[in-house]
$ cat query_10.cif   # mmCIF, C-alpha atoms; chains and numbers go by the auth columns
data_final
#
loop_
_atom_site.group_PDB
_atom_site.id
_atom_site.type_symbol
_atom_site.label_atom_id
_atom_site.label_comp_id
_atom_site.label_asym_id
_atom_site.label_seq_id
_atom_site.Cartn_x
_atom_site.Cartn_y
_atom_site.Cartn_z
_atom_site.B_iso_or_equiv
_atom_site.auth_seq_id
_atom_site.auth_asym_id
ATOM 1 C CA MET A 1 63.131 -174.156 -37.939 0.00 300 F
ATOM 2 C CA SER A 2 63.571 -176.471 -40.910 0.00 301 F
ATOM 3 C CA ALA A 3 60.809 -176.671 -43.506 0.00 302 F
ATOM 4 C CA THR A 4 58.954 -179.496 -45.238 0.00 303 F
ATOM 5 C CA ALA A 5 58.208 -180.171 -48.891 0.00 304 F
ATOM 6 C CA LEU A 6 55.128 -182.360 -49.291 0.00 305 F
ATOM 7 C CA ILE A 7 54.681 -184.206 -52.593 0.00 306 F
ATOM 8 C CA VAL A 8 51.274 -185.734 -53.333 0.00 307 F
ATOM 9 C CA GLY A 9 51.206 -188.271 -56.136 0.00 308 F
ATOM 10 C CA ALA A 10 54.798 -189.333 -55.543 0.00 309 F
ATOM 11 C CA GLY A 11 56.393 -191.693 -58.041 0.00 310 F
ATOM 12 C CA SER A 12 59.514 -192.339 -60.080 0.00 311 F
ATOM 13 C CA GLY A 13 59.422 -189.372 -62.460 0.00 312 F
ATOM 14 C CA ILE A 14 59.007 -185.645 -61.864 0.00 313 F
ATOM 15 C CA SER A 15 58.148 -186.060 -58.199 0.00 314 F
ATOM 16 C CA ALA A 16 61.278 -188.087 -57.441 0.00 315 F
ATOM 17 C CA SER A 17 63.501 -185.536 -59.166 0.00 316 F
ATOM 18 C CA PHE A 18 61.751 -182.716 -57.342 0.00 317 F
ATOM 19 C CA ALA A 19 62.184 -184.521 -54.013 0.00 318 F
ATOM 20 C CA ARG A 20 65.933 -184.772 -54.632 0.00 319 F
ATOM 21 C CA ALA A 21 66.130 -181.115 -55.625 0.00 320 F
ATOM 22 C CA ALA A 22 64.227 -179.978 -52.532 0.00 321 F
ATOM 23 C CA LYS A 23 66.302 -182.253 -50.323 0.00 322 F
ATOM 24 C CA SER A 24 69.458 -180.657 -51.712 0.00 323 F
ATOM 25 C CA GLN A 25 68.143 -177.326 -50.423 0.00 324 F
ATOM 26 C CA ALA A 26 67.659 -178.753 -46.916 0.00 325 F
ATOM 27 C CA TYR A 27 63.921 -179.393 -47.029 0.00 326 F
ATOM 28 C CA ASN A 28 62.461 -182.336 -45.146 0.00 327 F
ATOM 29 C CA ILE A 29 60.629 -184.507 -47.676 0.00 328 F
ATOM 30 C CA VAL A 30 57.214 -186.141 -47.274 0.00 329 F
ATOM 31 C CA LEU A 31 56.082 -188.456 -50.085 0.00 330 F
ATOM 32 C CA ALA A 32 52.377 -189.281 -50.322 0.00 331 F
ATOM 33 C CA SER A 33 50.907 -191.871 -52.664 0.00 332 F
ATOM 34 C CA ARG A 34 48.173 -194.470 -52.749 0.00 333 F
ATOM 35 C CA THR A 35 50.837 -197.186 -52.594 0.00 334 F
ATOM 36 C CA PRO A 36 53.745 -196.027 -50.401 0.00 335 F
ATOM 37 C CA ALA A 37 55.570 -199.318 -50.939 0.00 336 F
ATOM 38 C CA ASN A 38 56.253 -198.206 -54.511 0.00 337 F
ATOM 39 C CA VAL A 39 58.389 -195.306 -53.257 0.00 338 F
ATOM 40 C CA ALA A 40 59.790 -196.922 -50.102 0.00 339 F
ATOM 41 C CA GLU A 41 63.234 -197.646 -51.565 0.00 340 F
ATOM 42 C CA PHE A 42 63.550 -194.122 -52.941 0.00 341 F
ATOM 43 C CA ALA A 43 62.332 -192.639 -49.657 0.00 342 F
ATOM 44 C CA ALA A 44 64.997 -194.545 -47.748 0.00 343 F
ATOM 45 C CA GLU A 45 67.627 -193.300 -50.213 0.00 344 F
ATOM 46 C CA ILE A 46 66.873 -189.622 -49.551 0.00 345 F
ATOM 47 C CA GLY A 47 65.640 -189.901 -45.966 0.00 346 F
ATOM 48 C CA ALA A 48 62.028 -189.061 -46.791 0.00 347 F
ATOM 49 C CA VAL A 49 58.883 -189.935 -44.850 0.00 348 F
ATOM 50 C CA THR A 50 56.093 -191.753 -46.698 0.00 349 F
ATOM 51 C CA HIS A 51 52.338 -191.685 -46.144 0.00 350 F
ATOM 52 C CA ALA A 52 49.461 -193.521 -47.766 0.00 351 F
ATOM 53 C CA CYS A 53 46.931 -191.108 -49.230 0.00 352 F
ATOM 54 C CA ASP A 54 44.193 -191.242 -51.831 0.00 353 F
ATOM 55 C CA ALA A 55 44.039 -187.579 -52.802 0.00 354 F
ATOM 56 C CA THR A 56 40.373 -187.873 -53.782 0.00 355 F
ATOM 57 C CA GLN A 57 39.336 -188.643 -50.200 0.00 356 F
ATOM 58 C CA PRO A 58 38.958 -185.547 -47.984 0.00 357 F
ATOM 59 C CA ASP A 59 39.578 -187.443 -44.745 0.00 358 F
ATOM 60 C CA GLN A 60 42.789 -188.979 -46.058 0.00 359 F
ATOM 61 C CA VAL A 61 44.100 -185.618 -47.285 0.00 360 F
ATOM 62 C CA THR A 62 43.290 -184.039 -43.918 0.00 361 F
ATOM 63 C CA GLU A 63 45.087 -186.874 -42.120 0.00 362 F
ATOM 64 C CA LEU A 64 48.103 -186.530 -44.415 0.00 363 F
ATOM 65 C CA PHE A 65 48.554 -182.861 -43.597 0.00 364 F
ATOM 66 C CA ALA A 66 47.980 -183.476 -39.898 0.00 365 F
ATOM 67 C CA ALA A 67 50.708 -186.140 -39.954 0.00 366 F
ATOM 68 C CA ALA A 68 53.076 -183.752 -41.728 0.00 367 F
ATOM 69 C CA ASP A 69 52.273 -181.074 -39.139 0.00 368 F
ATOM 70 C CA ALA A 70 53.157 -183.507 -36.364 0.00 369 F
ATOM 71 C CA SER A 71 56.770 -183.532 -37.540 0.00 370 F
ATOM 72 C CA GLY A 72 57.143 -180.093 -35.991 0.00 371 F
ATOM 73 C CA THR A 73 58.208 -178.329 -39.200 0.00 372 F
ATOM 74 C CA ASP A 74 56.231 -175.905 -41.360 0.00 373 F
ATOM 75 C CA ILE A 75 54.942 -177.180 -44.682 0.00 374 F
ATOM 76 C CA ASP A 76 56.537 -174.602 -46.984 0.00 375 F
ATOM 77 C CA ILE A 77 56.142 -176.412 -50.335 0.00 376 F
ATOM 78 C CA VAL A 78 53.295 -178.566 -51.585 0.00 377 F
ATOM 79 C CA LEU A 79 53.450 -180.232 -55.008 0.00 378 F
ATOM 80 C CA TYR A 80 50.313 -181.832 -56.440 0.00 379 F
ATOM 81 C CA ASN A 81 51.591 -184.326 -59.002 0.00 380 F
ATOM 82 C CA ALA A 82 48.692 -186.790 -59.304 0.00 381 F
ATOM 83 C CA SER A 83 46.677 -187.394 -62.463 0.00 382 F
ATOM 84 C CA ALA A 84 44.683 -190.140 -64.167 0.00 383 F
ATOM 85 C CA ARG A 85 43.406 -190.941 -67.634 0.00 384 F
ATOM 86 C CA ALA A 86 40.202 -192.493 -68.945 0.00 385 F
ATOM 87 C CA PRO A 87 41.141 -192.904 -72.610 0.00 386 F
ATOM 88 C CA GLY A 88 38.916 -193.915 -75.495 0.00 387 F
ATOM 89 C CA PRO A 89 36.110 -192.692 -77.747 0.00 388 F
ATOM 90 C CA VAL A 90 33.615 -190.622 -75.779 0.00 389 F
ATOM 91 C CA THR A 91 30.828 -192.972 -76.871 0.00 390 F
ATOM 92 C CA ASP A 92 32.527 -195.881 -75.102 0.00 391 F
ATOM 93 C CA LEU A 93 33.707 -194.300 -71.852 0.00 392 F
ATOM 94 C CA ASP A 94 32.677 -195.810 -68.543 0.00 393 F
ATOM 95 C CA PRO A 95 31.117 -193.042 -66.393 0.00 394 F
ATOM 96 C CA ALA A 96 32.658 -194.467 -63.236 0.00 395 F
ATOM 97 C CA ALA A 97 36.143 -194.377 -64.774 0.00 396 F
ATOM 98 C CA VAL A 98 35.503 -190.819 -65.947 0.00 397 F
ATOM 99 C CA ALA A 99 34.459 -189.732 -62.456 0.00 398 F
ATOM 100 C CA ARG A 100 37.578 -191.325 -60.980 0.00 399 F
ATOM 101 C CA SER A 101 39.866 -189.660 -63.521 0.00 400 F
ATOM 102 C CA LEU A 102 38.348 -186.226 -62.914 0.00 401 F
ATOM 103 C CA ALA A 103 38.533 -186.710 -59.159 0.00 402 F
ATOM 104 C CA ILE A 104 42.267 -187.481 -59.292 0.00 403 F
ATOM 105 C CA SER A 105 43.244 -184.860 -61.869 0.00 404 F
ATOM 106 C CA ALA A 106 41.183 -181.947 -60.521 0.00 405 F
ATOM 107 C CA TYR A 107 39.242 -182.557 -57.292 0.00 406 F
ATOM 108 C CA GLY A 108 42.304 -183.936 -55.526 0.00 407 F
ATOM 109 C CA GLY A 109 44.148 -180.762 -56.493 0.00 408 F
ATOM 110 C CA PHE A 110 41.468 -178.744 -54.728 0.00 409 F
ATOM 111 C CA LEU A 111 41.631 -180.871 -51.569 0.00 410 F
ATOM 112 C CA VAL A 112 45.415 -180.633 -51.375 0.00 411 F
ATOM 113 C CA GLY A 113 45.461 -176.947 -52.307 0.00 412 F
ATOM 114 C CA GLN A 114 42.890 -176.151 -49.641 0.00 413 F
ATOM 115 C CA GLN A 115 44.847 -177.901 -46.893 0.00 414 F
ATOM 116 C CA ALA A 116 48.039 -176.170 -48.011 0.00 415 F
ATOM 117 C CA ALA A 117 46.365 -172.758 -48.066 0.00 416 F
ATOM 118 C CA GLN A 118 44.935 -173.242 -44.574 0.00 417 F
ATOM 119 C CA ARG A 119 48.483 -173.586 -43.261 0.00 418 F
ATOM 120 C CA MET A 120 50.308 -171.101 -45.466 0.00 419 F
ATOM 121 C CA VAL A 121 47.936 -168.112 -45.399 0.00 420 F
ATOM 122 C CA PRO A 122 48.193 -167.532 -41.633 0.00 421 F
ATOM 123 C CA ARG A 123 52.007 -167.556 -41.956 0.00 422 F
ATOM 124 C CA GLY A 124 51.970 -165.347 -45.048 0.00 423 F
ATOM 125 C CA LYS A 125 54.350 -167.628 -46.950 0.00 424 F
ATOM 126 C CA GLY A 126 54.580 -170.881 -48.846 0.00 425 F
ATOM 127 C CA THR A 127 54.509 -172.318 -52.369 0.00 426 F
ATOM 128 C CA ILE A 128 51.854 -174.547 -53.954 0.00 427 F
ATOM 129 C CA LEU A 129 52.800 -176.237 -57.234 0.00 428 F
ATOM 130 C CA PHE A 130 50.566 -178.123 -59.674 0.00 429 F
ATOM 131 C CA THR A 131 51.824 -180.425 -62.436 0.00 430 F
ATOM 132 C CA GLY A 132 49.810 -180.033 -65.612 0.00 431 F
ATOM 133 C CA ALA A 133 50.226 -181.435 -69.125 0.00 432 F
ATOM 134 C CA SER A 134 49.713 -180.662 -72.803 0.00 433 F
ATOM 135 C CA ALA A 135 46.080 -181.498 -72.065 0.00 434 F
ATOM 136 C CA SER A 136 45.899 -178.505 -69.717 0.00 435 F
ATOM 137 C CA VAL A 137 45.683 -176.198 -72.726 0.00 436 F
ATOM 138 C CA LYS A 138 44.599 -178.390 -75.674 0.00 437 F
ATOM 139 C CA GLY A 139 42.519 -181.502 -76.170 0.00 438 F
ATOM 140 C CA TYR A 140 43.376 -184.628 -78.116 0.00 439 F
ATOM 141 C CA LYS A 141 41.292 -187.298 -79.811 0.00 440 F
ATOM 142 C CA HIS A 142 40.285 -190.084 -77.412 0.00 441 F
ATOM 143 C CA SER A 143 41.685 -188.086 -74.506 0.00 442 F
ATOM 144 C CA SER A 144 38.742 -185.825 -73.706 0.00 443 F
ATOM 145 C CA ILE A 145 38.565 -186.705 -70.021 0.00 444 F
ATOM 146 C CA PHE A 146 42.254 -186.150 -69.381 0.00 445 F
ATOM 147 C CA ALA A 147 41.871 -182.722 -71.021 0.00 446 F
ATOM 148 C CA MET A 148 38.773 -182.031 -68.938 0.00 447 F
ATOM 149 C CA GLY A 149 40.586 -182.866 -65.697 0.00 448 F
ATOM 150 C CA LYS A 150 43.766 -180.984 -66.552 0.00 449 F
ATOM 151 C CA HIS A 151 41.850 -177.934 -67.758 0.00 450 F
ATOM 152 C CA GLY A 152 40.024 -177.987 -64.432 0.00 451 F
ATOM 153 C CA LEU A 153 43.268 -178.175 -62.464 0.00 452 F
ATOM 154 C CA ARG A 154 44.723 -175.293 -64.458 0.00 453 F
ATOM 155 C CA GLY A 155 41.657 -173.157 -63.845 0.00 454 F
ATOM 156 C CA PHE A 156 41.813 -173.869 -60.133 0.00 455 F
ATOM 157 C CA ALA A 157 45.527 -173.007 -59.996 0.00 456 F
ATOM 158 C CA SER A 158 44.949 -169.727 -61.837 0.00 457 F
ATOM 159 C CA ALA A 159 42.148 -168.649 -59.509 0.00 458 F
ATOM 160 C CA LEU A 160 43.991 -169.858 -56.419 0.00 459 F
ATOM 161 C CA GLY A 161 47.071 -167.879 -57.373 0.00 460 F
ATOM 162 C CA ARG A 162 45.078 -164.673 -57.740 0.00 461 F
ATOM 163 C CA GLU A 163 43.464 -165.296 -54.368 0.00 462 F
ATOM 164 C CA LEU A 164 46.561 -166.244 -52.404 0.00 463 F
ATOM 165 C CA ALA A 165 49.378 -164.184 -53.910 0.00 464 F
ATOM 166 C CA PRO A 166 48.331 -160.994 -52.085 0.00 465 F
ATOM 167 C CA GLN A 167 48.490 -163.055 -48.887 0.00 466 F
ATOM 168 C CA GLY A 168 52.088 -164.114 -49.520 0.00 467 F
ATOM 169 C CA VAL A 169 51.451 -167.602 -50.926 0.00 468 F
ATOM 170 C CA HIS A 170 52.906 -168.412 -54.349 0.00 469 F
ATOM 171 C CA VAL A 171 50.876 -170.708 -56.627 0.00 470 F
ATOM 172 C CA CYS A 172 52.290 -171.963 -59.927 0.00 471 F
ATOM 173 C CA HIS A 173 50.973 -174.358 -62.572 0.00 472 F
ATOM 174 C CA PHE A 174 53.322 -176.184 -64.957 0.00 473 F
ATOM 175 C CA VAL A 175 52.343 -177.284 -68.460 0.00 474 F
ATOM 176 C CA ILE A 176 54.534 -180.312 -69.162 0.00 475 F
ATOM 177 C CA ASP A 177 54.109 -180.365 -72.933 0.00 476 F
ATOM 178 C CA GLY A 178 55.695 -183.676 -73.863 0.00 477 F
ATOM 179 C CA GLY A 179 56.724 -187.069 -72.562 0.00 478 F
ATOM 180 C CA VAL A 180 58.986 -187.194 -69.523 0.00 479 F
ATOM 181 C CA ARG A 181 62.018 -189.487 -69.494 0.00 480 F
ATOM 182 C CA ASN A 182 61.412 -192.318 -67.023 0.00 481 F
ATOM 183 C CA PRO A 183 63.468 -195.529 -67.327 0.00 482 F
ATOM 184 C CA ALA A 184 61.241 -197.246 -64.759 0.00 483 F
ATOM 185 C CA LYS A 185 58.362 -196.956 -67.228 0.00 484 F
ATOM 186 C CA GLY A 186 60.396 -197.607 -70.374 0.00 485 F
ATOM 187 C CA ARG A 187 60.407 -193.999 -71.524 0.00 486 F
ATOM 188 C CA VAL A 188 63.980 -193.548 -72.701 0.00 487 F
ATOM 189 C CA GLU A 189 65.477 -192.528 -76.016 0.00 488 F
ATOM 190 C CA GLY A 190 66.299 -195.428 -78.306 0.00 489 F
ATOM 191 C CA PRO A 191 69.167 -195.538 -80.829 0.00 490 F
ATOM 192 C CA ASP A 192 66.908 -194.197 -83.608 0.00 491 F
ATOM 193 C CA ASP A 193 65.294 -191.457 -81.527 0.00 492 F
ATOM 194 C CA PRO A 194 66.378 -187.810 -81.670 0.00 493 F
ATOM 195 C CA ALA A 195 68.430 -186.560 -78.758 0.00 494 F
ATOM 196 C CA ASP A 196 66.281 -185.363 -75.859 0.00 495 F
ATOM 197 C CA LYS A 197 63.084 -186.777 -77.278 0.00 496 F
ATOM 198 C CA TYR A 198 61.834 -186.760 -73.689 0.00 497 F
ATOM 199 C CA LEU A 199 61.928 -183.986 -71.140 0.00 498 F
ATOM 200 C CA SER A 200 64.465 -184.529 -68.363 0.00 499 F
ATOM 201 C CA PRO A 201 62.712 -184.856 -64.982 0.00 500 F
ATOM 202 C CA ASP A 202 65.777 -183.389 -63.299 0.00 501 F
ATOM 203 C CA ALA A 203 65.597 -180.320 -65.539 0.00 502 F
ATOM 204 C CA ILE A 204 61.883 -179.999 -64.789 0.00 503 F
ATOM 205 C CA ALA A 205 62.623 -180.225 -61.067 0.00 504 F
ATOM 206 C CA ASP A 206 65.250 -177.485 -61.395 0.00 505 F
ATOM 207 C CA THR A 207 62.582 -175.231 -62.908 0.00 506 F
ATOM 208 C CA TYR A 208 60.169 -176.076 -60.100 0.00 507 F
ATOM 209 C CA MET A 209 62.806 -175.116 -57.533 0.00 508 F
ATOM 210 C CA HIS A 210 63.546 -171.916 -59.422 0.00 509 F
ATOM 211 C CA VAL A 211 59.886 -171.009 -58.958 0.00 510 F
ATOM 212 C CA VAL A 212 60.049 -171.899 -55.260 0.00 511 F
ATOM 213 C CA ASN A 213 62.974 -169.511 -54.877 0.00 512 F
ATOM 214 C CA GLN A 214 61.564 -166.673 -57.009 0.00 513 F
ATOM 215 C CA ASP A 215 61.475 -163.202 -55.518 0.00 514 F
ATOM 216 C CA ARG A 216 57.867 -162.262 -54.851 0.00 515 F
ATOM 217 C CA SER A 217 58.248 -159.073 -56.881 0.00 516 F
ATOM 218 C CA SER A 218 58.080 -161.210 -60.043 0.00 517 F
ATOM 219 C CA TRP A 219 56.294 -164.486 -59.361 0.00 518 F
ATOM 220 C CA SER A 220 55.373 -166.830 -62.218 0.00 519 F
ATOM 221 C CA TRP A 221 51.857 -168.246 -62.146 0.00 520 F
ATOM 222 C CA GLU A 222 52.439 -170.661 -65.048 0.00 521 F
ATOM 223 C CA ILE A 223 55.422 -172.086 -66.911 0.00 522 F
ATOM 224 C CA GLU A 224 55.274 -174.284 -70.024 0.00 523 F
ATOM 225 C CA LEU A 225 58.063 -176.807 -70.629 0.00 524 F
ATOM 226 C CA ARG A 226 58.650 -178.856 -73.792 0.00 525 F
ATOM 227 C CA PRO A 227 61.551 -180.656 -75.517 0.00 526 F
ATOM 228 C CA TYR A 228 63.669 -178.229 -77.557 0.00 527 F
ATOM 229 C CA GLY A 229 63.218 -180.277 -80.732 0.00 528 F
ATOM 230 C CA GLU A 230 59.424 -180.226 -80.663 0.00 529 F
ATOM 231 C CA ASN A 231 57.525 -177.944 -83.021 0.00 530 F
ATOM 232 C CA TYR A 232 55.413 -175.269 -81.364 0.00 531 F
#

$ encode --input "query_10.cif" --output "structure tokens"
Amino acid sequence: MSATALIVGAGSGISASFARAAKSQAYNIVLASRTPANVAEFAAEIGAVTHACDATQPDQVTELFAAADASGTDIDIVLYNASARAPGPVTDLDPAAVARSLAISAYGGFLVGQQAAQRMVPRGKGTILFTGASASVKGYKHSSIFAMGKHGLRGFASALGRELAPQGVHVCHFVIDGGVRNPAKGRVEGPDDPADKYLSPDAIADTYMHVVNQDRSSWSWEIELRPYGENY
């Protein structure tokens, strides 16, 4: 039976590169986002299925996984790639925007991780991946809520990995410590920029797939990626 890779928070950067990498290894691809029209052209290019899903809504996440199940293939990979910011001085932050940011960055990761675990644990196999950021391990001025959400996601991934690894399910969190090249969003090196100022999404996706294919005798629970020219 063929297997499915489900990507939640699909877009034009890391998730698109990961979808291509998984497709190249014969996975069926399901792309979930709040606005599927934004990834429709890409989905058609790689033969992926799209679904509308707000990852902060339990009923929508449940429906997404049920729809993926209906394809008749096992969900072997789940990537949670969604996040949101509520930038600004803490004294000025809108509580509603803060709640929304935390829900997307952390709570949505729980909802997706739970649905994935419910399917993978009985089979004793599967991989759950979480995309983190520099903010997963350090905070920045005027970015306290992004750090709060990403720290929460990292903590969940760490605990989930310890819980599920003995049951055959691999969980890995990725600290993407730098900007990711994305021409669609104007993030490309200019003539005065150093080479590889941005991380390559294709290179990131290759690392994700390396983790998917790791032997279970030496699973990684976290990998940190940054541009080679950046100071530690």

$ residues_around --input "query_10.cif" --residues "Arg422 in chain F" --least-positions-apart "4" --cutoff "10 Å" --atoms "all atoms listed in the file" --output "list in words"
Asp373, Asp375, Ala416, Gln417, Arg418, Gln466, Gly467 and Val468 of chain F

$ resolve_selection --input "query_10.cif" --expression "the PyMOL selection byres ((chain F and resi 396) around 12)" --output "list in words"
Ala383, Arg384, Ala385, Pro386, Gly387, Val389, Asp391, Leu392, Asp393, Pro394, Ala395, Val397, Ala398, Arg399, Ser400, Leu401, Ala402, Ile403, Ile444 and Phe445 of chain F

$ closest_residue --input "query_10.cif" --among "F:Ser382, F:Thr349, F:Asn337, F:Ser457" --to "Ala367 in chain F" --atoms "only C-alpha atoms"
F:Thr349

$ closest_atom_pairs --input "query_10.cif" --of "range 328-426 of chain F" --to "range 506-511 of chain F" --cutoff "10 Å" --atoms "only C-alpha atoms" --output "JSON lines"
{"residue": "F:Asp375", "atom": "CA", "partner": "F:Val511", "partner_atom": "CA", "distance": 9.4}
{"residue": "F:Ile376", "atom": "CA", "partner": "F:Val511", "partner_atom": "CA", "distance": 7.7}
{"residue": "F:Leu378", "atom": "CA", "partner": "F:Tyr507", "partner_atom": "CA", "distance": 9.4}
{"residue": "F:Gly425", "atom": "CA", "partner": "F:Val511", "partner_atom": "CA", "distance": 8.5}
{"residue": "F:Thr426", "atom": "CA", "partner": "F:Val511", "partner_atom": "CA", "distance": 6.3}

$ resolve_selection --input "query_10.cif" --expression "the PyMOL selection byres ((chain F and resi 335) around 10)" --output "number ranges by chain"
F: 308-310, 330-334, 336-340, 342, 348-352

$ decode --input "query_10.cif" --residues "range 483-510 of chain F" --atoms "N, CA and C atoms" --output "PDB file, in the first residue's frame"
ATOM      1  N   ALA F 483       8.725  34.039  -3.692  1.00  0.00           N
ATOM      2  CA  ALA F 483       7.325  34.478  -3.690  1.00  0.00           C
ATOM      3  C   ALA F 483       7.072  35.553  -2.644  1.00  0.00           C
ATOM      4  N   LYS F 484       7.913  35.603  -1.623  1.00  0.00           N
ATOM      5  CA  LYS F 484       7.763  36.603  -0.566  1.00  0.00           C
ATOM      6  C   LYS F 484       8.894  37.632  -0.582  1.00  0.00           C
ATOM      7  N   GLY F 485       9.685  37.627  -1.655  1.00  0.00           N
ATOM      8  CA  GLY F 485      10.750  38.609  -1.797  1.00  0.00           C
ATOM      9  C   GLY F 485      11.991  38.325  -0.988  1.00  0.00           C
ATOM     10  N   ARG F 486      12.112  37.120  -0.457  1.00  0.00           N
ATOM     11  CA  ARG F 486      13.291  36.775   0.329  1.00  0.00           C
ATOM     12  C   ARG F 486      14.299  36.051  -0.558  1.00  0.00           C
ATOM     13  N   VAL F 487      15.101  36.854  -1.239  1.00  0.00           N
ATOM     14  CA  VAL F 487      16.174  36.321  -2.087  1.00  0.00           C
ATOM     15  C   VAL F 487      17.398  37.206  -1.899  1.00  0.00           C
ATOM     16  N   GLU F 488      18.563  36.619  -2.121  1.00  0.00           N
ATOM     17  CA  GLU F 488      19.800  37.376  -1.976  1.00  0.00           C
ATOM     18  C   GLU F 488      19.909  38.447  -3.056  1.00  0.00           C
ATOM     19  N   GLY F 489      20.240  39.657  -2.638  1.00  0.00           N
ATOM     20  CA  GLY F 489      20.487  40.737  -3.577  1.00  0.00           C
ATOM     21  C   GLY F 489      21.953  40.784  -3.964  1.00  0.00           C
ATOM     22  N   PRO F 490      22.318  41.671  -4.889  1.00  0.00           N
ATOM     23  CA  PRO F 490      23.709  41.739  -5.369  1.00  0.00           C
ATOM     24  C   PRO F 490      24.706  42.088  -4.274  1.00  0.00           C
ATOM     25  N   ASP F 491      24.271  42.770  -3.213  1.00  0.00           N
ATOM     26  CA  ASP F 491      25.185  43.159  -2.139  1.00  0.00           C
ATOM     27  C   ASP F 491      25.123  42.222  -0.939  1.00  0.00           C
ATOM     28  N   ASP F 492      24.300  41.193  -1.032  1.00  0.00           N
ATOM     29  CA  ASP F 492      24.166  40.248   0.082  1.00  0.00           C
ATOM     30  C   ASP F 492      25.232  39.159  -0.005  1.00  0.00           C
ATOM     31  N   PRO F 493      25.627  38.607   1.133  1.00  0.00           N
ATOM     32  CA  PRO F 493      26.551  37.459   1.097  1.00  0.00           C
ATOM     33  C   PRO F 493      25.864  36.252   0.466  1.00  0.00           C
ATOM     34  N   ALA F 494      26.665  35.373  -0.091  1.00  0.00           N
ATOM     35  CA  ALA F 494      26.103  34.151  -0.665  1.00  0.00           C
ATOM     36  C   ALA F 494      25.389  33.358   0.422  1.00  0.00           C
ATOM     37  N   ASP F 495      24.255  32.768   0.055  1.00  0.00           N
ATOM     38  CA  ASP F 495      23.493  31.945   1.002  1.00  0.00           C
ATOM     39  C   ASP F 495      23.146  32.703   2.280  1.00  0.00           C
ATOM     40  N   LYS F 496      22.719  33.934   2.106  1.00  0.00           N
ATOM     41  CA  LYS F 496      22.208  34.685   3.254  1.00  0.00           C
ATOM     42  C   LYS F 496      21.009  33.961   3.852  1.00  0.00           C
ATOM     43  N   TYR F 497      20.199  33.367   2.969  1.00  0.00           N
ATOM     44  CA  TYR F 497      19.003  32.647   3.405  1.00  0.00           C
ATOM     45  C   TYR F 497      19.236  31.134   3.351  1.00  0.00           C
ATOM     46  N   LEU F 498      18.517  30.432   4.194  1.00  0.00           N
ATOM     47  CA  LEU F 498      18.538  28.977   4.124  1.00  0.00           C
ATOM     48  C   LEU F 498      17.780  28.526   2.888  1.00  0.00           C
ATOM     49  N   SER F 499      18.267  27.486   2.236  1.00  0.00           N
ATOM     50  CA  SER F 499      17.585  26.918   1.075  1.00  0.00           C
ATOM     51  C   SER F 499      16.443  26.022   1.543  1.00  0.00           C
ATOM     52  N   PRO F 500      15.214  26.276   1.111  1.00  0.00           N
ATOM     53  CA  PRO F 500      14.110  25.389   1.516  1.00  0.00           C
ATOM     54  C   PRO F 500      14.277  23.973   1.000  1.00  0.00           C
ATOM     55  N   ASP F 501      14.926  23.823  -0.152  1.00  0.00           N
ATOM     56  CA  ASP F 501      15.163  22.472  -0.666  1.00  0.00           C
ATOM     57  C   ASP F 501      16.149  21.717   0.228  1.00  0.00           C
ATOM     58  N   ALA F 502      17.173  22.415   0.716  1.00  0.00           N
ATOM     59  CA  ALA F 502      18.133  21.781   1.610  1.00  0.00           C
ATOM     60  C   ALA F 502      17.474  21.418   2.939  1.00  0.00           C
ATOM     61  N   ILE F 503      16.596  22.302   3.419  1.00  0.00           N
ATOM     62  CA  ILE F 503      15.850  21.996   4.643  1.00  0.00           C
ATOM     63  C   ILE F 503      14.991  20.750   4.432  1.00  0.00           C
ATOM     64  N   ALA F 504      14.312  20.693   3.294  1.00  0.00           N
ATOM     65  CA  ALA F 504      13.451  19.545   3.001  1.00  0.00           C
ATOM     66  C   ALA F 504      14.261  18.256   2.925  1.00  0.00           C
ATOM     67  N   ASP F 505      15.466  18.320   2.378  1.00  0.00           N
ATOM     68  CA  ASP F 505      16.327  17.139   2.329  1.00  0.00           C
ATOM     69  C   ASP F 505      16.632  16.636   3.744  1.00  0.00           C
ATOM     70  N   THR F 506      16.860  17.576   4.666  1.00  0.00           N
ATOM     71  CA  THR F 506      17.118  17.183   6.052  1.00  0.00           C
ATOM     72  C   THR F 506      15.878  16.567   6.681  1.00  0.00           C
ATOM     73  N   TYR F 507      14.721  17.143   6.395  1.00  0.00           N
ATOM     74  CA  TYR F 507      13.470  16.564   6.910  1.00  0.00           C
ATOM     75  C   TYR F 507      13.327  15.121   6.423  1.00  0.00           C
ATOM     76  N   MET F 508      13.586  14.893   5.141  1.00  0.00           N
ATOM     77  CA  MET F 508      13.431  13.540   4.602  1.00  0.00           C
ATOM     78  C   MET F 508      14.494  12.598   5.165  1.00  0.00           C
ATOM     79  N   HIS F 509      15.669  13.130   5.446  1.00  0.00           N
ATOM     80  CA  HIS F 509      16.682  12.297   6.102  1.00  0.00           C
ATOM     81  C   HIS F 509      16.152  11.790   7.437  1.00  0.00           C
ATOM     82  N   VAL F 510      15.489  12.664   8.177  1.00  0.00           N
ATOM     83  CA  VAL F 510      14.909  12.265   9.462  1.00  0.00           C
ATOM     84  C   VAL F 510      13.813  11.224   9.259  1.00  0.00           C
TER      85      VAL F 510
END
